[in-house]
Structures are given as C-alpha cells and as structure tokens.
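Student: Here's a structure for you.
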There are 2 protein chains.
Amino acid sequence: MDTIRVGVFGVGIRGHNLLQHVLDVENVKVTAICDIYEERIERAVNTMKEKGAEPPVLCTANYHELIACDEVDVVMIFAAWEAHIPAAIEAMRAGKPVGVEVAGAYSIDQCWEVVKVYEETKTPIMMLENCCYGRRELMLLNMVKQGFFGKIAHMDGSYCHDLREEIIGGNVNKHYRLRNYMNRNCENYPTHELGPIAKILGINRGNRMVSLTSTASKAVGLHDYVEKHHSDDKELMDTVFTQGDIITTVIKCAHGETIKLTLGTTLPRFYSRGLAVHGTDAFFEEASRTIARDGDFDEEHEEEWLKENLGNEEKYREKYEHPIWVKYIADGVKEGHGGMDWLTISAFFHALKNGEPMPIDVYDMAAWMAITPLTERSIQMGSMPVEIPDFTNGKWVVSFENKSGGLYSLETIPE
Amino acid sequence: MDTIRVGVFGVGIRGHNLLQHVLDVENVKVTAICDIYEERIERAVNTMKEKGAEPPVLCTANYHELIACDEVDVVMIFAAWEAHIPAAIEAMRAGKPVGVEVAGAYSIDQCWEVVKVYEETKTPIMMLENCCYGRRELMLLNMVKQGFFGKIAHMDGSYCHDLREEIIGGNVNKHYRLRNYMNRNCENYPTHELGPIAKILGINRGNRMVSLTSTASKAVGLHDYVEKHHSDDKELMDTVFTQGDIITTVIKCAHGETIKLTLGTTLPRFYSRGLAVHGTDAFFEEASRTIARDGDFDEEHEEEWLKENLGNEEKYREKYEHPIWVKYIADGVKEGHGGMDWLTISAFFHALKNGEPMPIDVYDMAAWMAITPLTERSIQMGSMPVEIPDFTNGKWVVSFENKSGGLYSLETIPE
C-alpha cells in the first residue's frame, strides 16, 4: 500500500496531541503543517523529529497552501472552530479526503454547503468525534444493539467541563474559545455527547432529529472567575460575557425519542458527559455509574439494591464491552483521552485505506454541528422551538449510502 | 390552647399515612373523615382507635359535608389530584384553614382562583410539599443561605420514580393516576423537586419564574409494562397512553437562573429527585451525591480528587445540617418518608397555632401547581415557550406579606 501523505492544519495543544496519533498510523506520513503561530510549528516539527518521522516538506501559516500542496493527499483539520467547515470544503473541492476535529457550526448555511460539496465531489470526510469511541459510549451502543435497554424513550448527555482557565487564562490572542464566549450564546460544543447519542438512536439512519428548544442561564461564571483570578486585567474585568453558564437543549427525534443536552463550561465542577439512557427494559446514568434493569428490584428492596449496586457499571463490562475495545485492550491500549483519540484517528485511516464509508460521515457532521446555530437561534428567540434540517434530504428514510454501517456504522473495527 | 378539630378528606394509602401524622400533633384531633370508599374510612377509623384517638363524629363520602361540618376547624386534603383546588377553595370560603397534599393543577384559571379566594378570605392555606423538608434539600438551602454556592446560575430537579405498577396494577377504578396517564401529556407532578428549588431561588420572594418550555418523549413505558405483566387485560392492552415517558421542562427565572425538571415515572429505574445546584463557588448533584467546591482540585488532580470525594455529600453534614433537622434528630426522628412528612404536617400546625405565615403559601402553591397546565400547553404547541403568570401580581418585587420568611421562609423551626 502506498503511503498516505497528510497535511495537518492546526497544531495548538489539541492539534499537537492528535499529530502524534497521526504519526503512529501505519503507512501514513505528515508532509505539511499549517499554523499561524511559528512556535507551534517548531514544536510540531521537533515532535516529528523525536518520533523519527521525516520532516514536513511544507510549513506554512496559510492553510490554502497546505490544501493545495502537491505532496498532501489528505487534510486533517485541528484548527480553531471557525476554520473547520471552510477548510473542509476547500479540501473536498481539491479532492483531498478530510478528517475534521469537532466543533459547532456558525450557520445552517455552512452545514448545507459542506453536505452539498461532499455530494458533488464525493471526497471522503469524517468528523473526528472521539467520544463516539469512548469505552463507556461504545459499551452502551453494544448493549443497545443487543436489546438490553428495550425501547429507548430518552437520552441525556452533557459537556460539563470547567474550562474557565482555558477560556480566560490562556494567551488571549491565541485562544479561540474566548471570542466565542464574549460574543455568542449557544450550545457551543454539542458533539462530544450528541455524537454517541446520535449513533445509539440511529440518527440519519432510520431516525432523525426534528426540532429543538434551547435555554441559556445567566452568565456569571466567567466574570466571577476573572474577579477571583484576573482582577488586574481591566479589559477582562470590563468584559460582559454573552455566553450563558448552563445551556439546556431538548431535541425531539422523528420516532419520538427526546435528547437533553447540557453545556456547562464556565462554573466549577468535575468533568462529565452526563450520558443517560432511559429505556423500557433498563436505565443507565453516567453520574452514578449505575445500570438498573427492569426487575432488578421491587420498591421495597430498592434501598438494599442500591447499597449493593450503585456504581455497578463495571459489572457489565465483561459481557458487554464493545468489540472495538476488546480488540484495543488485547492489542495494548495507546495513549490519549483514554484511547478514544487513537481509535478515532485510526478509524479514519482504516476507512480511507479500505474505501469504506466513513463511520462519522458528512451527514452526521452537518446534523451535529448544526445544533450550535440552531440553539443560538432558539435562545435568541426566547427558547422558541426551531426545526432541525434534514441534511440527507430524505435519504435517512428510504435508503442510505452508508449501508454497511447502518445504525451501528461505528462498529467497523479499525485494524 | 384549644384543640384544633381536623377534617381529613381522602384516606387512601397516602392519606392514611398522613392521617397518622396528624393524629400525632399535639392539641389536634380528627373529627371528620371523608372518602368515597367505605373500606378506606373503616381502615382510618380503626387506625384512630388503635392510636387511642376519639372516633370521628362524621364519616362521609361527600366532601362538601366534611367542609361544612360544625366540628371541623381545619381541612386537610389528601384526595385525588383533581379534587385539591376545588376543595381548598371551598374550605377557604368556609373560613377553614387548609393543608393540601401536592399535585399539579389542571388549568391556570384554577390557580388564579385559589389565589383570589385566599386574598378575599385570608384563610390560611399551605401546600404540604414534604420534599421542602427533605434532609438533603434543607441542607442545601442552608448552604445556599450561607453563600456556599456563590451565585447560582442553574438548578436541576426530577421526579424519577418507577410508578408503573402503581399506575397500572392497582384497582383501576380507584387509582387517580391512571386516568391522568391515559388522557394528559405534561409534567404532572412537578412540586417534589420544584418546591425545594423555588425556595432556594427565592421564587415569589424577590425572584419569579417567567417562562418555560416542555418536551415529551414518546410514551412506550406503560404499554410495555402492560404487555409484560397485564397482557390478559384487553382494555389495558388496547389503551393508547398519552403521557410521554420522560418530560423535560426548562424554566427561566427573572434573575436569569434556569431550572430543568425531569419527570420519569413510567420506565424502570431507581428513585431520584435529581437535585443539582450549579453555582459560581460550588456544585452539587444528587445523582453522584457529590459536592465540589471551586478550588477543590485542578484539572490534573481531578481523577485523584474524584477517587476520594465522589459521593462526599455526608462530609458536609455536620457543618451544614439545617437547624430544622438538627433539632428533629435531637428530638428523635419520627416515621414516614424519612421524616419529611412529619416535619411538613407539624410546620402547618405550628404556623396555624402561632398565627404565623404559612411556610409554603398560596402563591407558592399556585406557581408550582401551574407548571402542570403550562407544560401541557407547551407540549401541545410543539414545545413553544409559554409565560408563567405572576400570581403575586407584583408583590414578589415590591413587598411581600410573608416577610418573616422571606427567601428562607421554610426556616421557621416547628416546635
């Protein structure tokens, strides 16, 4: 097999981490690097040297050059949120397959555009939503597939992650989050929890998200943090943050399931993706790490059962561990976000090398990223319900090109 | 002090339990009992006999008779949901103070009416929301009062309680829940979680709930339960339940706080009121029973911290136990829902005997009960945002008759 030559756009902290996974993929080499900050490029080039990789043939601050470069076959986009869709579109138009880090979109128009350009060019594109490859998320997908939960009525997910220092405390000019928190008010990061939920509910594959409402709490967390830790920074002290602290979004699906998303990134707490599955045969919630099956207890013995079983998630591991993770653990787990990052990057190249459909395709990407501007719209209009476009234009119901995957398209096991 | 003569309306399972608490209150006797089922009255009379109480002078199936009875000073309403407000209004008009068990309302009109009749008659009325006296809820109220959480941006609450057998399996003609699940689709039981949250957020006392959206999942839990356990009951098998399994409601408050309520009573799971507090200085969630303060850990030490502290709620007990519970435990805890029922009943009679404002007053009652028809409206209109009436007609902002209580009106310690 020929070597795949990769151009990496964005080598900040996140991009630098993912670069190392890319370098670990067999028959893949990194030939070009793009970042607007020179020191980041230097760090990336040093890391490549340390890992024994050939130096890139192109280092540039201009991503158009990276995409156009003759020695780049595939483009990986790890840059700031705003750049994802424009760069992805440009790469597809250049006929270069694209892997895109996660973000929300800025408009519905650009979601349609990424779909249209894909349909026109058929250039493979995958959203690199690593949480779809989370160990817990895949175990639940596996359980759902085996009917463990019965009919699912509702799911919860959240991106609760105290990012105050990351938003405020980093180098202000460099950090892409701050400008979003200063100007927008929305579910700005929906895909970590929505991705796995969409896979479980078969979104775009026999089901779809039809509408949502979104509500923002007041914004007090960031100003409070500035007061506590950066009170000498007059500009920050005077900043009125528009982004609400907690954004609650409720999505309705075509088959009557509801999905509740919570964004909480500006108040103190521990990390959680708040996954929960409410089915006719069983219940799971990440917060208490507990699985309860119908019939596990009657009301009189509930307290007793909870004493033994609260936090019992691990008891189901042996029986329901997803094949992807069974194999991954047998192979010896690699570094990075509990292995999710590696599994995601490796799934992308696996599909690419084998000409298989992308496990997280352009329709997933458009539908998931669209949640951000749709919540923005709903919040601005007093939590009005807004329609979620069907980016498949009906393919979700009559047929779907990603047939091999179907509902469980994630289950292609990367080699 | 003269003995207070109480008429009890409704002695089903719940009413029968509460009757026993009423009988335990000093200087209170039960003189009349009303229920449409004779065997319930018999059971109640037997219980009174066993507890050494005088037999009631009136037993009736007609609640108008109970309210009109000369030997009834105070009316306690423990009957079916639909009866609560009409009976409360009739009792107030008769000048007889009322304690009312919890429920949602059926229309906004009847919420206004209960307020208007109270304002006209000034007959004391209290909603007996026992969860306001929950040990966890009061500890959190106490912590909020002491500034532990900083500014609160968001709160969660739920009534997650697997009631399938109670809804379906009971004697169909007797059970008041079933007919609601067969005909309505709403947050039908909001007050157990909303009551404590409203007290914490100062609703009606310097803050108010201004609007909400509500979304219902599909209804699959009850039919599934009927199939599993009552498949020989053709009528139930043919019933199409209108009540969605999970109802998610998001409320906005005048000061920008948001409240998310979850109703889940028709799918298997363990009980939870899902309380969570998201503040600038701390976080609490019931599901993991964990309190995390700002500064408790930095991101690198989060995993470590969680190993030690996940489920650390009890560590705060000694410092933040609410005075009501401190006293209650010192006195020796009494039976019933972890003591909440007794504390609620006893708070009602305490306020009555001392001519104090009711800790959960008619404005609280109207605002909390109104959530039910408002969610019904929102759900029917595709999750449209709906306005929440200000039942105080502005008194929440300029002055409030329940001044002694203020934000922390629950803190009157019952003797």
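Ordering of the structure tokens sets the chain letters (A, B, ...); residue numbers start at 1 within each chain; ligands are numbered from 1 in the order shown.
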Please determine the contact residues of chain B with respect to chain A at a cut-off of 6 Å, counting only C-alpha atoms, and supply them as a PyMOL selection string.
Tutor: chain B and resi 153+217-218+221+256-258+267-269+280+283+287-288+292+294+384-385
Student: Would you put the residues from that selection into a file with C-alpha atoms, as a CSV table (one decimal), in the first residue's frame?
Tutor:
chain,number,residue,atom,x,y,z
B,153,ALA,CA,-26.9,30.0,37.6
B,217,SER,CA,-40.7,11.8,24.8
B,218,LYS,CA,-42.8,9.1,23.2
B,221,GLY,CA,-43.2,2.5,29.1
B,256,GLY,CA,-31.6,34.7,34.8
B,257,GLU,CA,-31.4,31.4,36.6
B,258,THR,CA,-32.7,28.4,34.7
B,267,LEU,CA,-39.8,3.5,32.9
B,268,PRO,CA,-37.7,1.2,35.1
B,269,ARG,CA,-35.1,2.9,37.3
B,280,THR,CA,-20.0,30.1,40.8
B,283,PHE,CA,-21.5,22.4,42.5
B,287,ALA,CA,-27.1,11.5,41.3
B,288,SER,CA,-23.4,11.2,42.4
B,292,ALA,CA,-17.3,20.1,44.6
B,294,ASP,CA,-14.2,25.9,43.4
B,384,MET,CA,-43.4,26.6,22.5
B,385,PRO,CA,-42.2,28.8,25.3
Student: Run DSSP on the backbone and give me the residues of region 106-355 of chain A it puts in strand (DSSP E), as a ChimeraX atom specification.
Tutor: /A:125-127,152-160,209-216,246-253,258-264,276-279,282-285,290-293
Student: What's around Glu187 (chain B) at 7 Å? Count only C-alpha atoms, leave out sequence neighbours fewer than 4 positions away in its own chain, and write the answer as JSON, numbers by chain.
Tutor: {"B": [247, 263, 372, 375]}
Student: Dump N, CA, C and O atoms for the selected residues as a PDB file, in the first residue's frame?
Tutor:
ATOM      1  N   ILE B 247     -40.580  13.706  30.558  1.00  0.00           N
ATOM      2  CA  ILE B 247     -40.963  15.084  30.257  1.00  0.00           C
ATOM      3  C   ILE B 247     -39.825  15.978  30.742  1.00  0.00           C
ATOM      4  O   ILE B 247     -39.470  15.952  31.924  1.00  0.00           O
ATOM      5  N   LEU B 263     -39.494  14.626  34.534  1.00  0.00           N
ATOM      6  CA  LEU B 263     -40.476  13.683  35.071  1.00  0.00           C
ATOM      7  C   LEU B 263     -40.237  12.335  34.410  1.00  0.00           C
ATOM      8  O   LEU B 263     -40.209  12.243  33.178  1.00  0.00           O
ATOM      9  N   THR B 372     -47.880  22.385  35.778  1.00  0.00           N
ATOM     10  CA  THR B 372     -48.505  21.260  35.074  1.00  0.00           C
ATOM     11  C   THR B 372     -49.308  21.708  33.843  1.00  0.00           C
ATOM     12  O   THR B 372     -49.005  21.270  32.732  1.00  0.00           O
ATOM     13  N   THR B 375     -46.939  23.200  31.164  1.00  0.00           N
ATOM     14  CA  THR B 375     -46.179  22.217  30.369  1.00  0.00           C
ATOM     15  C   THR B 375     -47.103  21.524  29.369  1.00  0.00           C
ATOM     16  O   THR B 375     -46.694  21.237  28.242  1.00  0.00           O
TER      17      THR B 375
END
Student: What is the distance, in Å and to one decimal place, between CA of Pro86 (chain B) and CA of Val114 (chain B)?
Tutor: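 Interatomic distance, CA of Pro86 (chain B) to CA of Val114 (chain B): 8.3 Å.
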Student: Excluding region 18-33 of chain B and residues on its chain fewer than 3 positions from it, collect all residues at most 9 Å away from it, counting only C-alpha atoms, and give them as a short mmCIF file (atom, residue, chain, number, x, y, z; two decimals) with N, CA, C and O atoms, in the first residue's frame.
Tutor:
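For reference, around27.cif as written:
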data_model
loop_
_atom_site.label_atom_id
_atom_site.label_comp_id
_atom_site.auth_asym_id
_atom_site.auth_seq_id
_atom_site.Cartn_x
_atom_site.Cartn_y
_atom_site.Cartn_z
N MET B 1 -54.20 26.07 75.20
CA MET B 1 -54.63 26.20 73.79
C MET B 1 -55.78 25.25 73.47
O MET B 1 -55.77 24.09 73.86
N ASP B 2 -56.74 25.77 72.75
CA ASP B 2 -57.86 24.92 72.35
C ASP B 2 -57.40 23.84 71.38
O ASP B 2 -56.46 24.03 70.63
N THR B 3 -58.12 22.76 71.40
CA THR B 3 -57.84 21.69 70.45
C THR B 3 -58.31 22.10 69.05
O THR B 3 -59.36 22.71 68.88
N ILE B 4 -57.48 21.79 68.07
CA ILE B 4 -57.86 22.03 66.68
C ILE B 4 -58.55 20.79 66.15
O ILE B 4 -58.01 19.68 66.24
N ARG B 5 -59.76 20.99 65.62
CA ARG B 5 -60.53 19.85 65.13
C ARG B 5 -60.38 19.76 63.61
O ARG B 5 -60.72 20.69 62.88
N VAL B 6 -59.86 18.63 63.17
CA VAL B 6 -59.47 18.47 61.76
C VAL B 6 -60.40 17.53 61.02
O VAL B 6 -60.75 16.46 61.53
N GLY B 7 -60.78 17.95 59.83
CA GLY B 7 -61.47 17.05 58.90
C GLY B 7 -60.49 16.59 57.84
O GLY B 7 -59.80 17.41 57.24
N VAL B 8 -60.41 15.29 57.65
CA VAL B 8 -59.46 14.73 56.68
C VAL B 8 -60.23 14.24 55.45
O VAL B 8 -61.08 13.36 55.55
N PHE B 9 -59.87 14.82 54.30
CA PHE B 9 -60.52 14.45 53.04
C PHE B 9 -59.54 13.60 52.23
O PHE B 9 -58.53 14.09 51.73
N GLY B 10 -59.86 12.31 52.13
CA GLY B 10 -59.01 11.41 51.37
C GLY B 10 -58.15 10.56 52.28
O GLY B 10 -57.19 11.05 52.88
N VAL B 11 -58.52 9.28 52.42
CA VAL B 11 -57.72 8.38 53.26
C VAL B 11 -57.35 7.12 52.48
O VAL B 11 -57.50 6.00 52.96
N ILE B 13 -54.02 5.28 50.45
CA ILE B 13 -52.75 4.89 51.05
C ILE B 13 -52.01 6.12 51.60
O ILE B 13 -51.58 6.15 52.74
N ARG B 14 -51.90 7.12 50.76
CA ARG B 14 -51.17 8.32 51.17
C ARG B 14 -51.89 9.06 52.30
O ARG B 14 -51.29 9.46 53.29
N GLY B 15 -53.20 9.24 52.13
CA GLY B 15 -53.98 9.94 53.14
C GLY B 15 -53.96 9.21 54.48
O GLY B 15 -53.89 9.85 55.55
N ILE B 41 -62.47 4.35 54.80
CA ILE B 41 -62.93 5.02 56.02
C ILE B 41 -62.82 4.07 57.21
O ILE B 41 -62.32 4.45 58.28
N ALA B 44 -59.32 3.86 58.31
CA ALA B 44 -58.92 5.08 59.01
C ALA B 44 -59.46 5.11 60.43
O ALA B 44 -58.75 5.44 61.39
N VAL B 45 -60.71 4.74 60.58
CA VAL B 45 -61.33 4.74 61.91
C VAL B 45 -60.65 3.73 62.82
O VAL B 45 -60.38 4.00 63.99
N THR B 47 -57.55 2.73 62.58
CA THR B 47 -56.24 3.28 62.93
C THR B 47 -56.37 4.29 64.06
O THR B 47 -55.56 4.32 65.00
N MET B 48 -57.40 5.11 63.98
CA MET B 48 -57.62 6.10 65.04
C MET B 48 -57.85 5.40 66.37
O MET B 48 -57.30 5.80 67.41
N LYS B 51 -54.69 4.07 67.78
CA LYS B 51 -53.82 5.11 68.33
C LYS B 51 -54.46 5.79 69.55
O LYS B 51 -53.92 6.78 70.06
N ALA B 53 -57.26 7.47 69.68
CA ALA B 53 -57.96 8.72 69.41
C ALA B 53 -59.47 8.53 69.52
O ALA B 53 -59.98 7.43 69.34
N GLU B 54 -60.16 9.60 69.83
CA GLU B 54 -61.63 9.55 69.81
C GLU B 54 -62.10 9.26 68.39
O GLU B 54 -61.51 9.76 67.43
N PRO B 55 -63.18 8.53 68.22
CA PRO B 55 -63.69 8.29 66.86
C PRO B 55 -64.21 9.60 66.25
O PRO B 55 -64.62 10.51 66.96
N PRO B 56 -64.16 9.70 64.93
CA PRO B 56 -64.66 10.91 64.27
C PRO B 56 -66.17 11.05 64.46
O PRO B 56 -66.88 10.04 64.55
N VAL B 57 -66.64 12.27 64.52
CA VAL B 57 -68.08 12.49 64.65
C VAL B 57 -68.77 12.38 63.30
O VAL B 57 -69.97 12.17 63.22
N LEU B 58 -68.00 12.54 62.23
CA LEU B 58 -68.58 12.47 60.88
C LEU B 58 -67.72 11.60 59.97
O LEU B 58 -66.51 11.81 59.86
N CYS B 59 -68.37 10.63 59.33
CA CYS B 59 -67.73 9.89 58.24
C CYS B 59 -68.64 10.04 57.04
O CYS B 59 -69.84 9.77 57.13
N THR B 60 -68.05 10.47 55.93
CA THR B 60 -68.90 10.79 54.78
C THR B 60 -68.18 10.53 53.46
O THR B 60 -66.94 10.54 53.42
N ALA B 61 -68.96 10.33 52.44
CA ALA B 61 -68.40 10.21 51.08
C ALA B 61 -68.47 11.56 50.37
O ALA B 61 -68.05 11.69 49.23
N TYR B 63 -67.45 15.42 50.32
CA TYR B 63 -66.51 16.34 50.96
C TYR B 63 -67.14 17.69 51.33
O TYR B 63 -66.66 18.39 52.21
N LEU B 66 -68.07 17.38 54.80
CA LEU B 66 -66.91 17.47 55.71
C LEU B 66 -66.53 18.92 55.95
O LEU B 66 -66.29 19.36 57.08
N CYS B 69 -69.04 20.78 58.11
CA CYS B 69 -69.27 20.22 59.45
C CYS B 69 -68.86 21.22 60.55
O CYS B 69 -67.75 21.75 60.56
N GLU B 71 -68.06 20.71 63.48
CA GLU B 71 -66.99 20.25 64.36
C GLU B 71 -65.65 20.09 63.61
O GLU B 71 -64.76 19.39 64.07
N VAL B 72 -65.57 20.73 62.47
CA VAL B 72 -64.31 20.76 61.73
C VAL B 72 -63.82 22.21 61.68
O VAL B 72 -64.51 23.09 61.18
N MET B 76 -57.87 19.05 55.92
CA MET B 76 -56.65 18.50 55.30
C MET B 76 -57.08 17.73 54.07
O MET B 76 -57.90 16.81 54.16
N PHE B 78 -56.17 15.20 51.23
CA PHE B 78 -55.23 14.17 50.77
C PHE B 78 -55.88 13.34 49.65
O PHE B 78 -55.52 12.18 49.44
N GLU B 335 -41.41 8.56 62.15
CA GLU B 335 -41.57 7.75 60.92
C GLU B 335 -42.06 8.56 59.71
O GLU B 335 -42.60 9.64 59.85
N GLY B 336 -41.92 7.96 58.57
CA GLY B 336 -42.61 8.47 57.38
C GLY B 336 -41.75 9.26 56.43
O GLY B 336 -41.38 10.38 56.72
N ASP B 341 -42.53 13.99 56.07
CA ASP B 341 -43.98 14.11 56.21
C ASP B 341 -44.34 14.72 57.56
O ASP B 341 -45.16 15.63 57.65
N TRP B 342 -43.70 14.21 58.58
CA TRP B 342 -43.97 14.73 59.92
C TRP B 342 -43.58 16.21 60.01
O TRP B 342 -44.33 17.04 60.54
N ILE B 345 -46.29 18.32 58.16
CA ILE B 345 -47.56 18.39 58.89
C ILE B 345 -47.38 19.25 60.15
O ILE B 345 -48.21 20.10 60.48
N SER B 346 -46.26 19.06 60.79
CA SER B 346 -46.06 19.77 62.04
C SER B 346 -45.80 21.27 61.78
O SER B 346 -46.23 22.13 62.56
N PHE B 349 -49.28 22.98 61.35
CA PHE B 349 -50.00 23.26 62.58
C PHE B 349 -49.27 24.28 63.46
O PHE B 349 -49.90 25.08 64.16
#
Student: Please identify all polymer residues within 8 Å of Pro190 (chain B), counting only C-alpha atoms, omitting same-chain residues fewer than 5 positions from it, and present them as JSON, numbers by chain.
Tutor: {"B": [103, 104, 158, 159, 261, 263, 368, 369, 371, 372]}
Student: Please extract the residues of region 222-320 of chain B with a backbone DSSP assignment of alpha helix (DSSP H) and present them as a list in words.
Tutor: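 Selection result, alpha helix (DSSP H) within region 222-320 of chain B: Leu222, His223, Asp224, Tyr225, Val226, Glu227, Lys228, His229, Lys234, Glu235, Leu236, Met237, Asp238, Glu302, Glu303, Glu304, Trp305, Leu306, Lys307, Glu308, Asn309, Arg317, Glu318, Lys319 and Tyr320 of chain B.
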Student: Extract, using only C-alpha atoms, all DNA, RNA and protein residues at most 8 Å from Gln243 (chain A), discarding same-chain residues fewer than 2 positions from it, and format them as a VMD selection string.
Tutor: chain A and resid 180 to 186 216 219 241 245
Student: Excluding Ala198 (chain A) and any residue of its chain fewer than 6 positions from it, enumerate the residues within 9 Å of it, using only C-alpha atoms, and give them as a count of residues only.
Tutor: 5
